[in-house]
Protein chains: 2
Amino acid sequence: MFNMNFANLSPLEARSLIREDKMTRPTAGVASGFVQANLVILKKDLAFEFLLFCQRNPKPCPILDVTEIGSPIPKLVAPNADIRTDIGKYCIYREGILVGEVSDIINYWEEDMVAFLIGCSYTFESALLKNGIPLRHHELDSNVSVYKTNIACIPAGRFAGPTVVSMRPVPNKHLVRAVQVTTNFPSTHGAPIHIGSPEHIGIKDINKPDFGDILPIREDETPVFWACGVTPQAVAMQMKPEIMITHSTGYMFITDVNEEQLTIL
Amino acid sequence: MFNMNFANLSPLEARSLIREDKMTRPTAGVASGFVQANLVILKKDLAFEFLLFCQRNPKPCPILDVTEIGSPIPKLVAPNADIRTDIGKYCIYREGILVGEVSDIINYWEEDMVAFLIGCSYTFESALLKNGIPLRHHELDSNVSVYKTNIACIPAGRFAGPTVVSMRPVPNKHLVRAVQVTTNFPSTHGAPIHIGSPEHIGIKDINKPDFGDILPIREDETPVFWACGVTPQAVAMQMKPEIMITHSTGYMFITDVNEEQLTIL
């Protein structure tokens with residue numbers, strides 16, 4: 001009942017509750033059918049290189065919106081929102097080190113900041129489910145397995161690093177459909193970047209994810225790897241910007257964009 | 001015979017001939033099967049806003065590659081090329097005014113310049129032809145009709161302006177296929193932005209194009225409008241940057257990218 005209500009909220013209603021600290025839970029399942037996004041905020045002097053990094057690596061870093069320099073309004077995906085208040089929990093990093101988690105960033109916002117909203121996997125996961133493809137981490141109420149790979153992102157300026165992937169076991173009979181369904185959502189990581197053999201992308205032990213949980217893979221299933229939105233955050237953190245602000249894991253930004261609007265076909 | 005040779009050149013061979021001023025013709029039909037690109041060069045202080053403009057308006061401004069600040073090497077699409085020498089003819093604009101056409105820009109290149117390579121319609125036109133959809137401007141050996149529309153681009157920073165479109169008459173029986181074929185090439189303008197009724201997008205007289213040639217539309221044909229690569233140049237020119245360099249019309253940059261590599265399916 002409680003969850004049902006969260007699912008039926010409009011994006012505007014959900015963001016208002018978050019803004020007023022009346023909804024402090026993670027956003028999975030909230031405002032069902034609307035695209036949620038990862039957040040990375042950097043200062044202007046890094047904005048061109050980071051945007052170029054995302055443009056060169058669209059699978060891990062699919063850009064949904066970028067604010068004007070100094071503006072907290074994501075005018076393409078949520079023109080009534082304020083990026084400084086409408087996420088439940090933010091992480092503040094200084095020189096690459098987490099220095100705090102806060103529920104708004106009004107006091108951290110500066111006139112030369114730029115906010116990047118980056119697609120997240122919730123959208124293609126809901127499409128997989130609608131297509132009858134089960135998700136193990138939903139069944140187990142856990143997280144996907146997340147790994148660093150040996151696939152280097154294409155560097156841009158001061159930004160460089162490995163592609164991070166999430167893994168979902170897919171029944172072999174659904175492999176083709178899983179590729180098709182996710183291909184249709186390039187703005188939220190799109191088609192898988194690898195199917196099967198984890199060692200070919202530098203994953204030594206599938207049972208030792210770098211982040212997230214271990215997911216059992218059954219005999220009639222194959223591990224499928226999608227580029228993960230952790231990549232841009234990890235890459236940005238690695239170059240130790242003076243200040244970087246992100247959403248906290250699971251506390252995504254809820255856009256006004258209907259998931260179906262992101263399909264290419 | 002002569003044309004045949006140009007068509008069979010590799011991109012590397014074609015660029016070498018252009019670099020050595022041994023091939024001074026427009027590039028249509030040269031190195032057949034490889035993607036050609038529009039060029040816009042701006043200085044670093046405009047680079048973020050222009051990249052953001054392109055990212056927000058991917059149909060008129062599909063980014064194929066952007067060079068690092070100060071580097072003339074388009075390392076994603078032609079790592080052996082030099083953007084300063086490998087185009088046949090360049091336009092130099094100061095404060096939005098054309099001040100010269102030159103065959104290389106070695107003496108104009110500055111350490112804080114960034115080159116943007118933007119997809120062009122040659123790629124989807126070749127796909128249309130392969131799918132049996134005729135092109136009137138090829139039959140007539142003329143140019144497409146190009147119009148300014150009342151569809152505003154989404155502004156970014158100092159960049160704003162209308163979407164410019166190219167028009168091709170398509171036989172009604174091929175309309176659906178024309179949409180499908182070009183949808184598959186989002187990096188080179190992608191699906192049409194409008195079909196039929198020119199007045200709905202602010203074109204008062206189809207027989208008075210703003211650029212290019214008049215194309216007769218037969219009774220069993222419909223005018224189809226695609227976003228045009230003239231848009232980013234026009235928008236950049238309008239904000240009168242201190243210096244801007246572009247390719248000259250028809251003298252495109254030839255990349256190493258095979259046209260098929262750009263399809264989404």
# chains A, B, ... in the order shown; residues from 1 in each chain; ligands from 1
>>> select_by_dssp(residues="segment 102-197 of chain B", states="alpha helix (DSSP H)", output="list of chain:residue names")
B:Tyr122, B:Thr123, B:Phe124, B:Glu125, B:Ser126, B:Ala127, B:Leu128, B:Leu129, B:Lys130, B:Arg136, B:His137, B:His138, B:Glu139, B:Leu175, B:Val176, B:Arg177, B:Ala178, B:Val179, B:Gln180, B:Val181, B:Thr182, B:Thr183
>>> write_last_selection(atoms="N, CA and C atoms", output="mmCIF file, in the first residue's frame")
data_model
loop_
_atom_site.group_PDB
_atom_site.id
_atom_site.type_symbol
_atom_site.label_atom_id
_atom_site.label_comp_id
_atom_site.auth_asym_id
_atom_site.auth_seq_id
_atom_site.Cartn_x
_atom_site.Cartn_y
_atom_site.Cartn_z
ATOM 1 N N TYR B 122 25.324 12.994 -46.207
ATOM 2 C CA TYR B 122 25.781 12.056 -47.231
ATOM 3 C C TYR B 122 25.546 10.607 -46.808
ATOM 4 N N THR B 123 25.750 10.343 -45.490
ATOM 5 C CA THR B 123 25.652 8.961 -45.008
ATOM 6 C C THR B 123 24.233 8.424 -45.143
ATOM 7 N N PHE B 124 23.253 9.204 -44.681
ATOM 8 C CA PHE B 124 21.893 8.650 -44.787
ATOM 9 C C PHE B 124 21.399 8.678 -46.226
ATOM 10 N N GLU B 125 21.925 9.603 -47.035
ATOM 11 C CA GLU B 125 21.527 9.603 -48.446
ATOM 12 C C GLU B 125 21.993 8.321 -49.134
ATOM 13 N N SER B 126 23.189 7.880 -48.809
ATOM 14 C CA SER B 126 23.654 6.649 -49.456
ATOM 15 C C SER B 126 22.807 5.476 -48.978
ATOM 16 N N ALA B 127 22.377 5.514 -47.705
ATOM 17 C CA ALA B 127 21.495 4.449 -47.212
ATOM 18 C C ALA B 127 20.124 4.497 -47.905
ATOM 19 N N LEU B 128 19.605 5.698 -48.149
ATOM 20 C CA LEU B 128 18.326 5.808 -48.870
ATOM 21 C C LEU B 128 18.456 5.201 -50.265
ATOM 22 N N LEU B 129 19.540 5.562 -50.962
ATOM 23 C CA LEU B 129 19.736 5.032 -52.320
ATOM 24 C C LEU B 129 19.825 3.513 -52.319
ATOM 25 N N LYS B 130 20.571 2.964 -51.345
ATOM 26 C CA LYS B 130 20.708 1.499 -51.268
ATOM 27 C C LYS B 130 19.350 0.843 -51.030
ATOM 28 N N ARG B 136 16.031 13.274 -55.673
ATOM 29 C CA ARG B 136 15.799 14.230 -56.749
ATOM 30 C C ARG B 136 17.045 15.059 -57.065
ATOM 31 N N HIS B 137 17.751 15.539 -56.018
ATOM 32 C CA HIS B 137 18.903 16.419 -56.280
ATOM 33 C C HIS B 137 20.055 15.664 -56.931
ATOM 34 N N HIS B 138 20.104 14.347 -56.756
ATOM 35 C CA HIS B 138 21.095 13.559 -57.509
ATOM 36 C C HIS B 138 20.678 13.475 -58.976
ATOM 37 N N GLU B 139 19.379 13.181 -59.191
ATOM 38 C CA GLU B 139 18.873 13.081 -60.566
ATOM 39 C C GLU B 139 19.142 14.369 -61.334
ATOM 40 N N LEU B 175 7.619 6.409 -48.056
ATOM 41 C CA LEU B 175 7.717 7.281 -46.871
ATOM 42 C C LEU B 175 8.120 6.516 -45.608
ATOM 43 N N VAL B 176 7.428 5.417 -45.353
ATOM 44 C CA VAL B 176 7.715 4.652 -44.132
ATOM 45 C C VAL B 176 9.162 4.161 -44.146
ATOM 46 N N ARG B 177 9.578 3.598 -45.280
ATOM 47 C CA ARG B 177 10.943 3.076 -45.380
ATOM 48 C C ARG B 177 11.986 4.194 -45.203
ATOM 49 N N ALA B 178 11.687 5.382 -45.740
ATOM 50 C CA ALA B 178 12.632 6.505 -45.597
ATOM 51 C C ALA B 178 12.813 6.874 -44.127
ATOM 52 N N VAL B 179 11.715 6.836 -43.364
ATOM 53 C CA VAL B 179 11.813 7.107 -41.923
ATOM 54 C C VAL B 179 12.649 6.021 -41.251
ATOM 55 N N GLN B 180 12.363 4.764 -41.568
ATOM 56 C CA GLN B 180 13.087 3.662 -40.930
ATOM 57 C C GLN B 180 14.582 3.719 -41.227
ATOM 58 N N VAL B 181 14.913 3.900 -42.506
ATOM 59 C CA VAL B 181 16.318 3.877 -42.921
ATOM 60 C C VAL B 181 17.105 4.977 -42.211
ATOM 61 N N THR B 182 16.553 6.190 -42.169
ATOM 62 C CA THR B 182 17.318 7.296 -41.593
ATOM 63 C C THR B 182 17.300 7.270 -40.066
ATOM 64 N N THR B 183 16.265 6.682 -39.469
ATOM 65 C CA THR B 183 16.249 6.496 -38.019
ATOM 66 C C THR B 183 17.486 5.725 -37.565
#
>>> select_by_dssp(residues="segment 11-250 of chain A", states="strand (DSSP E)", output="short mmCIF file (atom, residue, chain, number, x, y, z; two decimals) with N, CA, C and O atoms, in the first residue's frame")
data_model
loop_
_atom_site.label_atom_id
_atom_site.label_comp_id
_atom_site.auth_asym_id
_atom_site.auth_seq_id
_atom_site.Cartn_x
_atom_site.Cartn_y
_atom_site.Cartn_z
N PHE A 34 8.76 6.80 -14.89
CA PHE A 34 9.53 8.01 -15.23
C PHE A 34 11.03 7.76 -15.02
O PHE A 34 11.44 7.03 -14.12
N VAL A 35 11.80 8.39 -15.89
CA VAL A 35 13.25 8.17 -15.92
C VAL A 35 13.91 8.78 -14.68
O VAL A 35 13.63 9.93 -14.33
N GLN A 36 14.78 8.01 -14.04
CA GLN A 36 15.58 8.52 -12.94
C GLN A 36 17.03 8.70 -13.42
O GLN A 36 17.45 8.08 -14.39
N ALA A 37 17.76 9.57 -12.73
CA ALA A 37 19.09 9.93 -13.23
C ALA A 37 20.13 10.00 -12.12
O ALA A 37 19.83 10.34 -10.98
N ASN A 38 21.37 9.65 -12.50
CA ASN A 38 22.55 9.89 -11.67
C ASN A 38 22.92 11.37 -11.75
O ASN A 38 22.69 12.01 -12.78
N LEU A 39 23.54 11.89 -10.70
CA LEU A 39 23.97 13.30 -10.67
C LEU A 39 25.47 13.41 -10.45
O LEU A 39 26.03 12.72 -9.59
N VAL A 40 26.11 14.26 -11.24
CA VAL A 40 27.50 14.66 -10.98
C VAL A 40 27.55 16.18 -11.14
O VAL A 40 27.16 16.70 -12.20
N ILE A 41 28.02 16.88 -10.12
CA ILE A 41 28.19 18.34 -10.19
C ILE A 41 29.68 18.66 -10.12
O ILE A 41 30.39 18.15 -9.24
N LEU A 42 30.14 19.46 -11.08
CA LEU A 42 31.54 19.89 -11.11
C LEU A 42 31.57 21.39 -11.36
O LEU A 42 30.57 21.99 -11.75
N LYS A 43 32.74 21.98 -11.18
CA LYS A 43 32.86 23.40 -11.48
C LYS A 43 33.18 23.61 -12.95
O LYS A 43 33.66 22.71 -13.65
N ILE A 63 24.28 11.06 -21.32
CA ILE A 63 23.83 12.36 -20.80
C ILE A 63 22.32 12.53 -21.02
O ILE A 63 21.84 12.40 -22.14
N LEU A 64 21.60 12.85 -19.96
CA LEU A 64 20.18 13.19 -20.08
C LEU A 64 19.98 14.69 -20.09
O LEU A 64 19.12 15.22 -20.78
N ASP A 65 20.77 15.41 -19.30
CA ASP A 65 20.67 16.86 -19.25
C ASP A 65 21.91 17.42 -18.60
O ASP A 65 22.56 16.74 -17.79
N VAL A 66 22.24 18.64 -18.97
CA VAL A 66 23.35 19.37 -18.35
C VAL A 66 22.83 20.78 -18.10
O VAL A 66 22.23 21.38 -18.99
N TYR A 90 22.78 13.65 -0.85
CA TYR A 90 23.91 14.01 -1.72
C TYR A 90 25.23 13.63 -1.04
O TYR A 90 25.33 13.67 0.19
N CYS A 91 26.24 13.34 -1.84
CA CYS A 91 27.60 13.14 -1.33
C CYS A 91 28.46 14.33 -1.74
O CYS A 91 28.44 14.74 -2.90
N ILE A 92 29.22 14.86 -0.79
CA ILE A 92 30.14 15.96 -1.07
C ILE A 92 31.56 15.39 -1.06
O ILE A 92 31.98 14.78 -0.07
N TYR A 93 32.27 15.58 -2.18
CA TYR A 93 33.66 15.11 -2.26
C TYR A 93 34.58 16.33 -2.41
O TYR A 93 34.32 17.21 -3.23
N ARG A 94 35.64 16.36 -1.61
CA ARG A 94 36.68 17.38 -1.81
C ARG A 94 37.98 16.67 -2.11
O ARG A 94 38.38 15.76 -1.39
N ILE A 97 37.77 12.97 -1.90
CA ILE A 97 37.46 12.30 -0.62
C ILE A 97 36.07 12.71 -0.16
O ILE A 97 35.73 13.90 -0.14
N LEU A 98 35.26 11.70 0.23
CA LEU A 98 33.91 11.96 0.73
C LEU A 98 34.01 12.69 2.05
O LEU A 98 34.57 12.17 3.02
N VAL A 99 33.47 13.91 2.09
CA VAL A 99 33.57 14.68 3.34
C VAL A 99 32.20 14.85 4.01
O VAL A 99 32.13 15.39 5.11
N GLY A 100 31.12 14.39 3.35
CA GLY A 100 29.84 14.52 4.01
C GLY A 100 28.69 14.05 3.16
O GLY A 100 28.79 13.99 1.92
N GLU A 101 27.59 13.67 3.82
CA GLU A 101 26.33 13.37 3.12
C GLU A 101 25.30 14.34 3.67
O GLU A 101 25.17 14.50 4.89
N VAL A 102 24.56 14.99 2.74
CA VAL A 102 23.61 16.03 3.16
C VAL A 102 22.30 15.86 2.41
O VAL A 102 22.24 15.17 1.37
N MET A 113 29.09 26.37 -10.97
CA MET A 113 28.87 24.91 -10.98
C MET A 113 27.98 24.49 -12.15
O MET A 113 27.11 25.25 -12.60
N VAL A 114 28.20 23.27 -12.62
CA VAL A 114 27.42 22.68 -13.71
C VAL A 114 26.97 21.29 -13.24
O VAL A 114 27.78 20.53 -12.71
N ALA A 115 25.70 20.99 -13.40
CA ALA A 115 25.17 19.69 -12.98
C ALA A 115 24.94 18.80 -14.20
O ALA A 115 24.32 19.23 -15.18
N PHE A 116 25.44 17.58 -14.14
CA PHE A 116 25.26 16.59 -15.20
C PHE A 116 24.29 15.52 -14.71
O PHE A 116 24.53 14.91 -13.67
N LEU A 117 23.21 15.30 -15.47
CA LEU A 117 22.28 14.22 -15.15
C LEU A 117 22.52 13.10 -16.17
O LEU A 117 22.49 13.33 -17.38
N ILE A 118 22.78 11.92 -15.63
CA ILE A 118 23.24 10.79 -16.46
C ILE A 118 22.28 9.63 -16.29
O ILE A 118 21.85 9.33 -15.16
N GLY A 119 21.92 8.99 -17.40
CA GLY A 119 20.94 7.91 -17.38
C GLY A 119 21.30 6.79 -16.42
O GLY A 119 22.48 6.55 -16.15
N SER A 145 25.47 -7.02 -9.30
CA SER A 145 26.92 -7.14 -9.12
C SER A 145 27.59 -6.10 -10.01
O SER A 145 27.24 -5.97 -11.18
N VAL A 146 28.56 -5.39 -9.45
CA VAL A 146 29.25 -4.33 -10.21
C VAL A 146 30.75 -4.59 -10.19
O VAL A 146 31.32 -4.92 -9.14
N TYR A 147 31.38 -4.51 -11.38
CA TYR A 147 32.80 -4.84 -11.52
C TYR A 147 33.54 -3.74 -12.29
O TYR A 147 32.99 -3.14 -13.21
N LYS A 148 34.81 -3.53 -11.92
CA LYS A 148 35.70 -2.77 -12.79
C LYS A 148 36.19 -3.70 -13.88
O LYS A 148 36.49 -4.87 -13.61
N THR A 149 36.29 -3.22 -15.12
CA THR A 149 36.75 -4.07 -16.22
C THR A 149 38.12 -3.59 -16.71
O THR A 149 38.65 -2.59 -16.23
N ASN A 150 38.65 -4.34 -17.69
CA ASN A 150 39.89 -3.88 -18.34
C ASN A 150 39.58 -3.09 -19.62
O ASN A 150 40.47 -2.85 -20.43
N ILE A 151 38.32 -2.68 -19.78
CA ILE A 151 37.95 -1.86 -20.94
C ILE A 151 38.14 -0.39 -20.56
O ILE A 151 37.38 0.16 -19.76
N ALA A 152 39.18 0.22 -21.12
CA ALA A 152 39.44 1.62 -20.80
C ALA A 152 38.40 2.51 -21.46
O ALA A 152 38.03 2.30 -22.62
N PRO A 162 38.78 3.10 -16.11
CA PRO A 162 38.16 1.90 -16.68
C PRO A 162 36.63 2.00 -16.73
O PRO A 162 36.03 2.74 -15.95
N THR A 163 36.04 1.25 -17.64
CA THR A 163 34.58 1.12 -17.66
C THR A 163 34.14 0.22 -16.51
O THR A 163 34.70 -0.86 -16.32
N VAL A 164 33.17 0.68 -15.76
CA VAL A 164 32.58 -0.14 -14.71
C VAL A 164 31.28 -0.73 -15.27
O VAL A 164 30.56 -0.05 -16.01
N VAL A 165 31.04 -2.02 -14.98
CA VAL A 165 29.85 -2.68 -15.54
C VAL A 165 28.99 -3.27 -14.42
O VAL A 165 29.48 -3.58 -13.34
N SER A 166 27.70 -3.39 -14.72
CA SER A 166 26.82 -4.15 -13.84
C SER A 166 26.50 -5.46 -14.53
O SER A 166 26.49 -5.54 -15.76
N MET A 167 26.30 -6.51 -13.74
CA MET A 167 26.02 -7.84 -14.31
C MET A 167 24.64 -8.32 -13.88
O MET A 167 24.27 -8.18 -12.71
N ARG A 168 23.90 -8.84 -14.86
CA ARG A 168 22.63 -9.49 -14.58
C ARG A 168 22.64 -10.85 -15.26
O ARG A 168 22.93 -10.92 -16.46
N PRO A 169 22.34 -11.93 -14.53
CA PRO A 169 22.24 -13.25 -15.18
C PRO A 169 20.96 -13.28 -16.02
O PRO A 169 19.89 -12.94 -15.53
N VAL A 170 21.08 -13.66 -17.30
CA VAL A 170 19.92 -13.70 -18.19
C VAL A 170 19.72 -15.14 -18.68
O VAL A 170 20.68 -15.79 -19.12
N PRO A 171 18.50 -15.65 -18.57
CA PRO A 171 18.22 -17.00 -19.11
C PRO A 171 18.64 -17.05 -20.59
O PRO A 171 18.32 -16.11 -21.34
N HIS A 194 29.00 -6.64 -23.11
CA HIS A 194 29.65 -7.96 -23.16
C HIS A 194 28.65 -9.02 -22.72
O HIS A 194 27.83 -8.78 -21.83
N ILE A 195 28.75 -10.20 -23.34
CA ILE A 195 27.91 -11.35 -22.97
C ILE A 195 28.82 -12.53 -22.67
O ILE A 195 29.71 -12.86 -23.47
N PHE A 211 31.66 -3.91 -6.34
CA PHE A 211 30.60 -3.24 -5.58
C PHE A 211 29.34 -4.09 -5.71
O PHE A 211 29.26 -4.97 -6.56
N GLY A 212 28.34 -3.81 -4.90
CA GLY A 212 27.07 -4.53 -5.00
C GLY A 212 27.17 -5.92 -4.41
O GLY A 212 28.06 -6.22 -3.61
N GLU A 221 21.69 -20.04 -17.62
CA GLU A 221 21.80 -18.59 -17.70
C GLU A 221 23.21 -18.16 -18.10
O GLU A 221 24.18 -18.91 -17.91
N THR A 222 23.31 -16.95 -18.62
CA THR A 222 24.60 -16.38 -19.02
C THR A 222 24.74 -15.02 -18.36
O THR A 222 23.77 -14.24 -18.33
N PRO A 223 25.94 -14.70 -17.84
CA PRO A 223 26.10 -13.35 -17.28
C PRO A 223 26.16 -12.32 -18.40
O PRO A 223 26.88 -12.50 -19.38
N VAL A 224 25.37 -11.27 -18.26
CA VAL A 224 25.34 -10.20 -19.27
C VAL A 224 25.78 -8.91 -18.58
O VAL A 224 25.33 -8.60 -17.48
N PHE A 225 26.68 -8.18 -19.25
CA PHE A 225 27.32 -7.01 -18.66
C PHE A 225 26.88 -5.74 -19.37
O PHE A 225 27.03 -5.62 -20.59
N TRP A 226 26.36 -4.80 -18.60
CA TRP A 226 26.00 -3.49 -19.13
C TRP A 226 26.93 -2.42 -18.54
O TRP A 226 27.32 -2.52 -17.36
N ALA A 227 27.25 -1.41 -19.32
CA ALA A 227 28.02 -0.28 -18.80
C ALA A 227 27.23 0.36 -17.66
O ALA A 227 26.00 0.42 -17.71
N ILE A 243 36.10 20.30 -5.77
CA ILE A 243 34.81 19.88 -5.18
C ILE A 243 33.99 19.14 -6.24
O ILE A 243 34.03 19.48 -7.43
N MET A 244 33.34 18.08 -5.81
CA MET A 244 32.40 17.34 -6.67
C MET A 244 31.23 16.95 -5.78
O MET A 244 31.43 16.55 -4.62
N ILE A 245 30.03 17.06 -6.33
CA ILE A 245 28.84 16.65 -5.59
C ILE A 245 28.11 15.61 -6.43
O ILE A 245 27.97 15.78 -7.65
N THR A 246 27.66 14.52 -5.79
CA THR A 246 26.88 13.50 -6.50
C THR A 246 25.65 13.16 -5.67
O THR A 246 25.54 13.56 -4.50
N HIS A 247 24.72 12.41 -6.29
CA HIS A 247 23.65 11.82 -5.49
C HIS A 247 24.27 10.71 -4.63
O HIS A 247 25.35 10.21 -4.97
#
>>> interface_residues(of="chain A", to="chain B", cutoff="8 Å", atoms="only C-alpha atoms", output="PyMOL selection string")
chain A and resi 47-48+51-52+56+65-66+68-69+156-157+183+264-265
>>> closest_residue(among="B:Glu259, B:Asp141, B:Asp104, B:Glu95", to="Lys240 of chain B", atoms="only C-alpha atoms")
B:Glu95
>>> residues_around(residues="Ile18 of chain A", least_positions_apart="5", cutoff="6 Å", atoms="only C-alpha atoms", output="MDAnalysis selection string")
chainID A and resid 23 86 88
>>> write_last_selection(atoms="N, CA and C atoms", output="compact mmCIF listing (two decimals), in the first residue's frame")
# COMPACT_ATOMS: atom_id res chain seq x y z
N MET A 23 9.98 12.51 2.19
CA MET A 23 10.23 11.16 1.64
C MET A 23 11.74 10.97 1.64
N ASP A 86 16.18 18.69 -4.72
CA ASP A 86 15.19 17.68 -5.12
C ASP A 86 15.73 16.26 -5.16
N GLY A 88 17.19 13.20 -2.46
CA GLY A 88 17.07 12.90 -1.02
C GLY A 88 18.39 12.99 -0.27
>>> closest_residue(among="B:Gly196, B:Pro11, B:Pro241, B:Gly250", to="Val77 of chain B", atoms="only C-alpha atoms")
B:Pro11
>>> closest_residue(among="B:Arg158, B:Ser103, B:Val257, B:Tyr251", to="Thr27 of chain B", atoms="only C-alpha atoms")
B:Tyr251
>>> residues_around(residues="Ser121 of chain B", least_positions_apart="5", cutoff="8 Å", atoms="only C-alpha atoms", output="ChimeraX atom specification")
/B:188-189,228-229
>>> residues_around(residues="Cys153 of chain A", least_positions_apart="6", cutoff="10 Å", atoms="only C-alpha atoms", output="MDAnalysis selection string")
chainID A and resid 53:54 56:60 159:164 231:232 235
>>> atom_distance(atom1="atom CA of Asp112 of chain A", atom2="atom CA of Ala14 of chain A")
27.9 Å
>>> atom_distance(atom1="atom CA of Asp213 of chain A", atom2="atom CA of Leu140 of chain A")
10.1 Å
